[in-house]
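K.L.:
This is structure.cif, which holds mmCIF, C-alpha atoms:
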data_model
#
loop_
_atom_site.label_atom_id
_atom_site.label_comp_id
_atom_site.auth_asym_id
_atom_site.auth_seq_id
_atom_site.Cartn_x
_atom_site.Cartn_y
_atom_site.Cartn_z
CA MET U 1 38.02 7.02 -1.05
CA LYS U 2 35.74 4.40 -2.57
CA CYS U 3 34.12 2.00 -0.10
CA GLY U 4 34.75 -1.68 -0.82
CA LEU U 5 31.54 -2.91 0.82
CA LYS U 6 28.61 -4.32 -1.11
CA GLU U 7 25.44 -2.23 -1.36
CA SER U 8 23.57 -4.46 1.11
CA GLU U 9 26.43 -4.25 3.63
CA ARG U 10 26.61 -0.48 3.32
CA ALA U 11 22.84 -0.31 3.76
CA GLU U 12 23.05 -2.40 6.90
CA LEU U 13 25.74 -0.13 8.39
CA LEU U 14 24.04 3.13 7.44
CA LEU U 15 20.60 2.08 8.64
CA ARG U 16 21.95 0.70 11.92
CA ASN U 17 24.70 3.26 12.30
CA THR U 18 25.07 2.92 16.08
CA SER U 19 26.29 -0.69 15.91
CA GLU U 20 29.91 -1.51 16.79
CA ALA U 21 30.58 -2.74 13.26
CA ALA U 22 29.32 0.56 11.88
CA THR U 23 31.47 2.62 14.25
CA ASN U 24 34.56 0.58 13.32
CA HIS U 25 33.90 0.91 9.61
CA PHE U 26 33.19 4.65 9.77
CA GLY U 27 36.54 5.08 11.53
CA GLN U 28 38.29 3.75 8.43
CA CYS U 29 35.99 4.79 5.56
CA SER U 30 35.53 8.51 4.99
CA SER U 31 32.89 7.93 2.32
CA CYS U 32 30.64 5.96 4.67
CA ARG U 33 31.36 8.32 7.57
CA ARG U 34 30.15 11.23 5.45
CA ALA U 35 27.09 9.25 4.33
CA SER U 36 26.35 8.39 7.96
CA LEU U 37 26.44 12.05 8.99
CA GLN U 38 24.17 12.93 6.06
CA GLN U 39 21.85 10.08 7.06
CA ALA U 40 21.61 11.42 10.62
CA ALA U 41 20.76 14.88 9.25
CA LEU U 42 18.19 13.32 6.95
CA TRP U 43 16.49 11.51 9.82
CA GLN U 44 16.36 14.78 11.72
CA ALA U 45 14.73 16.47 8.72
CA LEU U 46 12.21 13.64 8.39
CA ASP U 47 11.40 13.95 12.10
CA SER U 48 10.14 17.47 11.48
CA TRP U 49 7.24 16.13 9.40
CA ASN U 50 4.40 16.08 11.89
CA VAL U 51 0.89 15.14 10.91
CA PRO U 52 -2.47 16.52 12.06
CA PRO U 53 -4.57 14.50 14.51
CA VAL U 54 -7.26 12.18 13.17
CA SER U 55 -10.68 13.83 12.77
CA SER U 56 -13.08 13.40 15.68
CA GLY U 57 -15.73 12.02 13.31
CA PHE U 58 -13.51 9.26 11.92
CA ASN U 59 -14.91 6.43 14.07
CA ARG U 60 -18.50 7.61 13.63
CA ASN U 61 -18.14 7.64 9.83
CA LEU U 62 -16.43 4.25 9.87
CA TYR U 63 -19.14 2.60 11.95
CA ALA U 64 -21.77 4.18 9.68
CA ARG U 65 -20.02 2.56 6.69
CA ILE U 66 -19.82 -0.76 8.52
CA ASP U 67 -23.56 -0.60 9.27
CA ALA U 68 -24.29 0.28 5.64
CA ALA U 69 -22.09 -2.61 4.48
CA ALA U 70 -23.92 -5.01 6.81
CA ALA U 71 -27.22 -3.95 5.24
CA GLU U 72 -26.00 -4.64 1.68
CA THR U 73 -27.61 -7.48 -0.25
CA TRP U 74 -25.48 -10.31 -1.64
CA TYR U 75 -25.66 -8.98 -5.21
CA GLU U 76 -24.58 -5.49 -4.10
CA ARG U 77 -21.57 -7.06 -2.37
CA LEU U 78 -20.81 -9.11 -5.49
CA ALA U 79 -21.09 -6.03 -7.71
CA ALA U 80 -18.77 -4.09 -5.38
CA ALA U 81 -16.26 -6.95 -5.41
CA ILE U 82 -16.06 -7.29 -9.20
CA ARG U 83 -16.33 -3.58 -10.02
CA PRO U 84 -12.54 -2.96 -9.78
CA LEU U 85 -11.94 -5.73 -12.34
CA PHE U 86 -13.85 -3.79 -14.97
CA ALA U 87 -11.61 -0.78 -14.38
CA GLN U 88 -8.79 -2.81 -15.95
CA PRO U 89 -9.03 -2.91 -19.75
CA ALA U 90 -7.57 -6.42 -20.08
CA TRP U 91 -10.10 -7.89 -17.69
CA ALA U 92 -12.97 -6.04 -19.32
CA LEU U 93 -11.78 -7.30 -22.70
CA GLY U 94 -11.42 -10.82 -21.35
CA MET U 95 -14.90 -10.82 -19.85
CA ALA U 96 -16.37 -9.44 -23.07
CA GLY U 97 -14.55 -12.18 -25.00
CA ALA U 98 -15.82 -14.85 -22.62
CA LEU U 99 -19.42 -13.62 -22.99
CA PHE U 100 -19.06 -13.60 -26.77
CA VAL U 101 -17.70 -17.16 -26.83
CA ALA U 102 -20.37 -18.34 -24.38
CA GLY U 103 -23.04 -16.79 -26.60
CA PHE U 104 -21.54 -18.43 -29.67
CA VAL U 105 -21.42 -21.83 -27.96
CA LEU U 106 -25.04 -21.59 -26.81
CA ASP U 107 -26.16 -20.43 -30.23
CA HIS U 108 -24.22 -23.22 -31.90
CA LYS U 109 -25.73 -25.75 -29.52
CA SER U 110 -29.31 -24.64 -30.18
CA ALA U 111 -28.67 -24.72 -33.93
CA THR U 112 -27.36 -28.28 -33.84
CA THR U 113 -29.70 -29.79 -31.25
CA GLY U 114 -32.67 -30.31 -33.57
CA ALA U 115 -30.76 -31.56 -36.59
CA VAL U 116 -28.28 -34.06 -35.20
CA HIS U 117 -29.06 -36.33 -32.28
CA ALA U 118 -26.38 -38.96 -32.47
CA PRO U 119 -23.13 -37.11 -31.70
CA THR U 120 -24.35 -35.61 -28.39
CA VAL U 121 -21.16 -36.68 -26.65
CA GLN U 122 -19.08 -35.09 -29.37
CA VAL U 123 -20.91 -31.74 -29.01
CA SER U 124 -20.26 -31.83 -25.26
CA SER U 125 -16.58 -32.42 -25.80
CA ILE U 126 -16.42 -29.52 -28.27
CA GLU U 127 -18.09 -27.31 -25.65
CA ALA U 128 -15.64 -28.42 -23.03
CA ASP U 129 -12.75 -27.69 -25.38
CA GLN U 130 -14.11 -24.26 -26.17
CA VAL U 131 -14.66 -23.42 -22.53
CA GLU U 132 -11.17 -24.66 -21.70
CA LYS U 133 -9.74 -22.60 -24.54
CA THR U 134 -11.63 -19.54 -23.33
CA LEU U 135 -10.34 -20.03 -19.80
CA GLU U 136 -6.81 -20.37 -21.14
CA ASP U 137 -7.27 -17.17 -23.15
CA LEU U 138 -8.52 -15.38 -20.06
CA GLU U 139 -5.58 -16.65 -18.01
CA MET U 140 -3.19 -15.53 -20.76
CA LEU U 141 -4.75 -12.06 -20.77
CA ARG U 142 -4.47 -11.95 -16.99
CA GLN U 143 -0.80 -12.99 -17.18
CA PHE U 144 -0.13 -10.29 -19.78
CA ASP U 145 -1.76 -7.79 -17.49
CA LEU U 146 0.23 -8.95 -14.47
CA ALA U 147 3.46 -9.04 -16.45
CA SER U 148 2.98 -5.52 -17.72
CA GLU U 149 2.14 -4.32 -14.20
CA GLU U 150 5.22 -6.00 -12.78
CA LYS U 151 7.36 -4.56 -15.52
CA GLU U 152 5.96 -1.14 -14.83
CA ALA U 153 6.48 -1.55 -11.08
CA ALA U 154 10.03 -2.78 -11.61
CA SER U 155 10.88 0.15 -13.85
CA LYS U 156 9.42 2.54 -11.27
CA SER U 157 11.33 1.04 -8.36
CA MET U 158 14.62 1.13 -10.28
CA MET F 1 3.98 -17.74 4.96
CA GLY F 2 2.86 -20.56 7.20
CA PRO F 3 0.68 -20.25 10.28
CA ILE F 4 2.48 -18.73 13.24
CA THR F 5 2.48 -20.77 16.46
CA ALA F 6 1.56 -18.06 18.96
CA PRO F 7 -0.66 -15.31 17.56
CA ASP F 8 0.32 -11.78 18.69
CA THR F 9 -2.08 -9.81 20.88
CA ASP F 10 -3.58 -8.05 17.88
CA ALA F 11 -4.14 -11.34 16.12
CA GLN F 12 -5.88 -12.66 19.21
CA LEU F 13 -8.11 -9.59 19.23
CA MET F 14 -8.85 -10.15 15.56
CA LEU F 15 -9.76 -13.76 16.27
CA ARG F 16 -12.25 -12.46 18.83
CA VAL F 17 -13.63 -10.07 16.21
CA ARG F 18 -14.05 -13.13 13.99
CA ASP F 19 -16.10 -14.69 16.77
CA GLY F 20 -18.38 -11.65 16.85
CA ASP F 21 -16.76 -9.49 19.56
CA GLY F 22 -17.27 -5.89 18.42
CA ALA F 23 -15.37 -4.48 21.41
CA SER F 24 -12.18 -6.14 20.19
CA PHE F 25 -12.58 -4.41 16.83
CA SER F 26 -12.88 -1.07 18.66
CA LEU F 27 -9.66 -1.85 20.53
CA LEU F 28 -7.83 -2.65 17.29
CA LEU F 29 -9.20 0.52 15.72
CA GLU F 30 -8.07 2.71 18.63
CA LYS F 31 -4.66 1.09 18.69
CA HIS F 32 -3.82 1.31 14.99
CA ARG F 33 -5.99 4.14 13.63
CA SER F 34 -3.38 6.87 13.97
CA SER F 35 -0.44 4.88 12.60
CA VAL F 36 -2.46 3.73 9.57
CA ILE F 37 -3.81 7.19 8.78
CA HIS F 38 -0.45 8.87 9.30
CA PHE F 39 1.17 6.32 7.00
CA LEU F 40 -1.52 6.89 4.38
CA TYR F 41 -1.20 10.66 4.76
CA ARG F 42 2.54 10.53 4.13
CA MET F 43 1.92 8.25 1.14
CA VAL F 44 -0.78 10.30 -0.58
CA GLN F 45 -0.02 13.67 1.07
CA ASP F 46 -3.67 14.64 1.38
CA PHE F 47 -5.24 14.29 4.80
CA ALA F 48 -8.85 14.01 3.63
CA VAL F 49 -7.89 11.24 1.21
CA ALA F 50 -5.79 9.55 3.92
CA GLU F 51 -8.81 9.42 6.23
CA GLU F 52 -11.02 8.12 3.43
CA LEU F 53 -8.51 5.37 2.63
CA GLY F 54 -8.08 4.69 6.35
CA GLN F 55 -11.80 4.03 6.63
CA GLU F 56 -11.58 1.66 3.68
CA VAL F 57 -8.70 -0.18 5.39
CA PHE F 58 -10.66 -0.79 8.60
CA LEU F 59 -13.82 -1.57 6.65
CA ARG F 60 -11.90 -4.28 4.77
CA VAL F 61 -10.50 -5.61 8.03
CA TYR F 62 -14.01 -5.85 9.44
CA ARG F 63 -15.39 -7.43 6.28
CA SER F 64 -12.61 -10.03 6.26
CA ARG F 65 -13.16 -11.03 9.89
CA ALA F 66 -15.03 -14.23 9.02
CA THR F 67 -12.15 -15.60 6.96
CA TYR F 68 -9.32 -14.17 9.08
CA GLU F 69 -6.46 -16.57 9.87
CA PRO F 70 -3.39 -15.39 11.81
CA THR F 71 -0.90 -16.42 9.12
CA ALA F 72 1.20 -13.28 9.67
CA LYS F 73 1.57 -10.50 12.19
CA PHE F 74 -1.66 -8.47 12.33
CA THR F 75 0.10 -5.18 11.55
CA THR F 76 1.74 -6.74 8.50
CA TRP F 77 -1.71 -7.63 7.18
CA LEU F 78 -3.10 -4.22 8.14
CA PHE F 79 -0.31 -2.28 6.43
CA ARG F 80 -0.50 -4.56 3.40
CA ILE F 81 -4.10 -3.46 2.93
CA ALA F 82 -3.17 0.18 3.56
CA THR F 83 -0.22 0.07 1.15
CA HIS F 84 -2.31 -1.66 -1.51
CA LEU F 85 -5.00 1.04 -1.28
CA ALA F 86 -2.47 3.88 -1.28
CA LEU F 87 -0.56 2.50 -4.27
CA ASN F 88 -3.80 1.97 -6.17
CA TRP F 89 -4.86 5.52 -5.43
CA LEU F 90 -1.53 6.86 -6.63
CA ARG F 91 -1.60 4.68 -9.75
CA ASP F 92 -5.13 5.69 -10.62
CA GLY F 93 -3.86 9.25 -10.90
CA ARG F 94 -6.48 10.49 -8.51
CA HIS F 95 -3.74 12.49 -6.82
CA GLU F 96 -3.75 14.82 -9.81
CA ARG F 97 -7.36 15.73 -9.21
CA ALA F 98 -6.70 16.02 -5.49
CA GLN F 99 -3.80 18.35 -6.24
CA GLU F 100 -6.25 20.79 -7.74
CA ARG F 101 -8.18 20.70 -4.49
CA LEU F 102 -4.93 21.15 -2.55
CA ASP F 103 -4.35 24.43 -4.29
CA GLU F 104 -7.53 25.67 -2.69
CA GLU F 105 -7.19 24.00 0.71
CA LYS F 106 -3.63 23.00 1.60
CA ASP F 107 -3.45 19.32 2.64
CA GLY F 108 -7.11 19.03 3.46
CA ALA F 109 -5.76 19.39 7.00
CA PRO F 110 -6.86 21.89 9.61
CA VAL F 111 -4.98 25.15 9.28
CA LEU F 112 -2.70 25.70 12.25
CA GLN F 113 -3.27 28.94 14.10
CA VAL F 114 -0.18 30.96 14.92
CA SER F 115 -0.49 33.04 18.08
CA ASP F 116 1.98 35.59 19.49
CA ARG F 117 3.38 33.06 21.93
CA LYS F 118 4.03 30.48 19.22
CA PRO F 119 7.12 30.58 16.95
CA SER F 120 7.48 33.78 14.99
CA VAL F 121 6.07 34.14 11.50
CA GLU F 122 9.59 33.98 10.13
CA SER F 123 10.53 30.73 11.87
CA ARG F 124 7.14 29.31 10.90
CA MET F 125 7.85 30.15 7.27
CA VAL F 126 11.31 28.56 7.46
CA TYR F 127 9.70 25.45 8.94
CA GLU F 128 7.08 25.39 6.16
CA VAL F 129 9.74 25.68 3.46
CA LYS F 130 11.76 22.84 4.98
CA LEU F 131 8.66 20.72 5.43
CA ASN F 132 7.65 21.24 1.81
CA GLU F 133 11.10 20.14 0.70
CA VAL F 134 10.90 16.99 2.80
CA ARG F 135 7.39 16.24 1.49
CA GLY F 136 8.48 16.91 -2.07
CA ALA F 137 11.51 14.65 -1.76
CA ILE F 138 9.42 11.82 -0.31
CA ALA F 139 6.72 12.29 -2.96
CA ALA F 140 9.32 12.08 -5.73
CA LEU F 141 10.45 8.61 -4.64
CA PRO F 142 9.13 5.60 -6.58
CA ASP F 143 6.00 4.23 -4.85
CA LYS F 144 7.56 1.13 -3.29
CA GLN F 145 10.61 3.02 -2.04
CA ARG F 146 8.31 5.61 -0.51
CA ALA F 147 6.24 2.98 1.28
CA ALA F 148 9.38 1.24 2.55
CA VAL F 149 10.91 4.47 3.89
CA LEU F 150 7.70 5.51 5.64
CA MET F 151 7.25 2.13 7.32
CA HIS F 152 10.92 2.03 8.30
CA LYS F 153 11.27 5.60 9.52
CA TYR F 154 7.90 6.44 11.03
CA ASP F 155 6.50 3.05 12.02
CA GLU F 156 9.88 1.57 12.97
CA MET F 157 9.08 -1.71 11.24
CA GLU F 158 11.66 -4.47 10.93
CA TYR F 159 12.91 -5.39 7.45
CA SER F 160 11.08 -8.71 7.66
CA GLN F 161 7.78 -6.97 8.35
CA ILE F 162 8.25 -4.44 5.56
CA ALA F 163 9.10 -7.38 3.30
CA GLY F 164 5.82 -9.03 4.36
CA VAL F 165 3.85 -5.88 3.57
CA LEU F 166 5.48 -5.32 0.19
CA SER F 167 5.55 -9.04 -0.69
CA CYS F 168 9.28 -9.09 -1.39
CA SER F 169 12.45 -10.45 0.21
CA GLU F 170 14.29 -8.81 3.08
CA SER F 171 17.29 -8.16 0.86
CA ALA F 172 15.00 -6.42 -1.63
CA VAL F 173 13.72 -4.23 1.20
CA LYS F 174 17.27 -3.33 2.23
CA SER F 175 18.05 -2.45 -1.36
CA LEU F 176 14.88 -0.33 -1.66
CA LEU F 177 15.71 1.50 1.57
CA PHE F 178 19.35 2.03 0.64
CA ARG F 179 18.44 3.57 -2.70
CA ALA F 180 15.62 5.63 -1.25
CA TYR F 181 17.76 7.09 1.54
CA GLU F 182 20.59 7.71 -0.91
CA THR F 183 18.20 9.73 -3.10
CA LEU F 184 16.80 11.59 -0.10
CA ARG F 185 20.28 12.40 1.23
CA ALA F 186 21.20 13.87 -2.14
CA ARG F 187 17.98 15.85 -2.48
CA LEU F 188 17.99 17.19 1.05
CA ALA F 189 21.75 17.59 1.47
CA HIS F 190 21.43 21.38 1.70
CA MET F 191 19.26 21.01 4.83
CA ALA F 192 22.05 19.30 6.81
#
Output the file's structure as structure tokens, nothing else.

P.N.:
Amino acid sequence: MKCGLKESERAELLLRNTSEAATNHFGQCSSCRRASLQQAALWQALDSWNVPPVSSGFNRNLYARIDAAAAETWYERLAAAIRPLFAQPAWALGMAGALFVAGFVLDHKSATTGAVHAPTVQVSSIEADQVEKTLEDLEMLRQFDLASEEKEAASKSM
Amino acid sequence: MGPITAPDTDAQLMLRVRDGDGASFSLLLEKHRSSVIHFLYRMVQDFAVAEELGQEVFLRVYRSRATYEPTAKFTTWLFRIATHLALNWLRDGRHERAQERLDEEKDGAPVLQVSDRKPSVESRMVYEVKLNEVRGAIAALPDKQRAAVLMHKYDEMEYSQIAGVLSCSESAVKSLLFRAYETLRARLAHMA
């Protein structure tokens, strides 16, 4: 017999199978009754998975790490914070791109400073545009990265 | 998530940690150490790695004390950090390298001694076989489903809390759990 309940309703009944609603439904639906018995057996099987006790040195090691972290300088903390970003190719590429653009802008500025004095305001606006463009590019790269991660996560959870 | 009106006991302890009370951090550590490490162990299935990640979890909690705000239940925040670290570890593929180590030293966990008064060798072997099947079935679940099942089954978390940890809706959590348990029932049906 095929159960007429929606997936979320079946989930609710199976995961809270001692409720009155569940008992009533299982009395009428053989499919859900069978699933409920299998679920009970599954929980029993999962109960058998015991884990070893935590090592006696866990706290000692943790406090040692906390002390070491407290002794870190600000630049070590900064390096530790941004290190994971460089493990992601898109971020590394984005940062490399940003450095390249920044170098180009600075180089361009030094090349034009001596020759042209009048359009100083114009040069500043070009810089602002370029920086804005770079930030947009970085954001776009980040969005691509996030989108691909979400897509991957969604395909895994399906 | 907006600020909650009455912070839970753990959140109050954490607020004291923020104010420089080290004893409150010790209390939080004692209270949640086992559940966090056991969760991590069941996620990554390597005890040495679980303890390493567990240390990272509590180190991050300590480091974040200055900016801590009780915007959610403390355990939701704690398990969000733990889940994030476990999922990253699994995604980085470090489990493959750890697997090589597992072949040499099973689990990284202390080997249990079997004396004459303990269950017989045969029943111990049956238990080991069943346990390996359970572990294998859990490990084969997609990462998010695995995390949801472990929090639901072993930490008895409410759907809303699991949703907070996994940053998804309650209905999404129910769906994850339903599918995960359906898969597990099918894989472990012969054990019933």

K.L.:
Take the point (3.1, -6.7, 2.0) in the file's coordinates, draw a sphere of radius 9 Å around it, and report as JSON, numbers by chain every protein, DNA or RNA residue with an atom inside or on it, counting all atoms listed in the file.

P.N.:
{"F": [76, 77, 79, 80, 81, 83, 84, 161, 162, 163, 164, 165, 166, 167, 168]}

K.L.:
Could you tell me which residues the PyMOL selection byres ((chain U) within 10 of (chain F)) grabs in this file, written as an NGL selection string?

P.N.:
:U and (7-12 or 14-15 or 35-55 or 58-59 or 61-63 or 65-66 or 69-70 or 87 or 153-158)

K.L.:
Measure the distance from atom CA of F:Leu40 to atom CA of F:Ala23 in Å and round it to one decimal.

P.N.:
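So the two atoms, atom CA of F:Leu40 and atom CA of F:Ala23, lie 24.7 Å apart.
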
K.L.:
Just to confirm, what's the straight-line distance from atom CA of F:Val149 to atom CA of F:Asn88 in Å (one decimal)?

P.N.:
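Rounded to one decimal, the two atoms are 18.0 Å apart.
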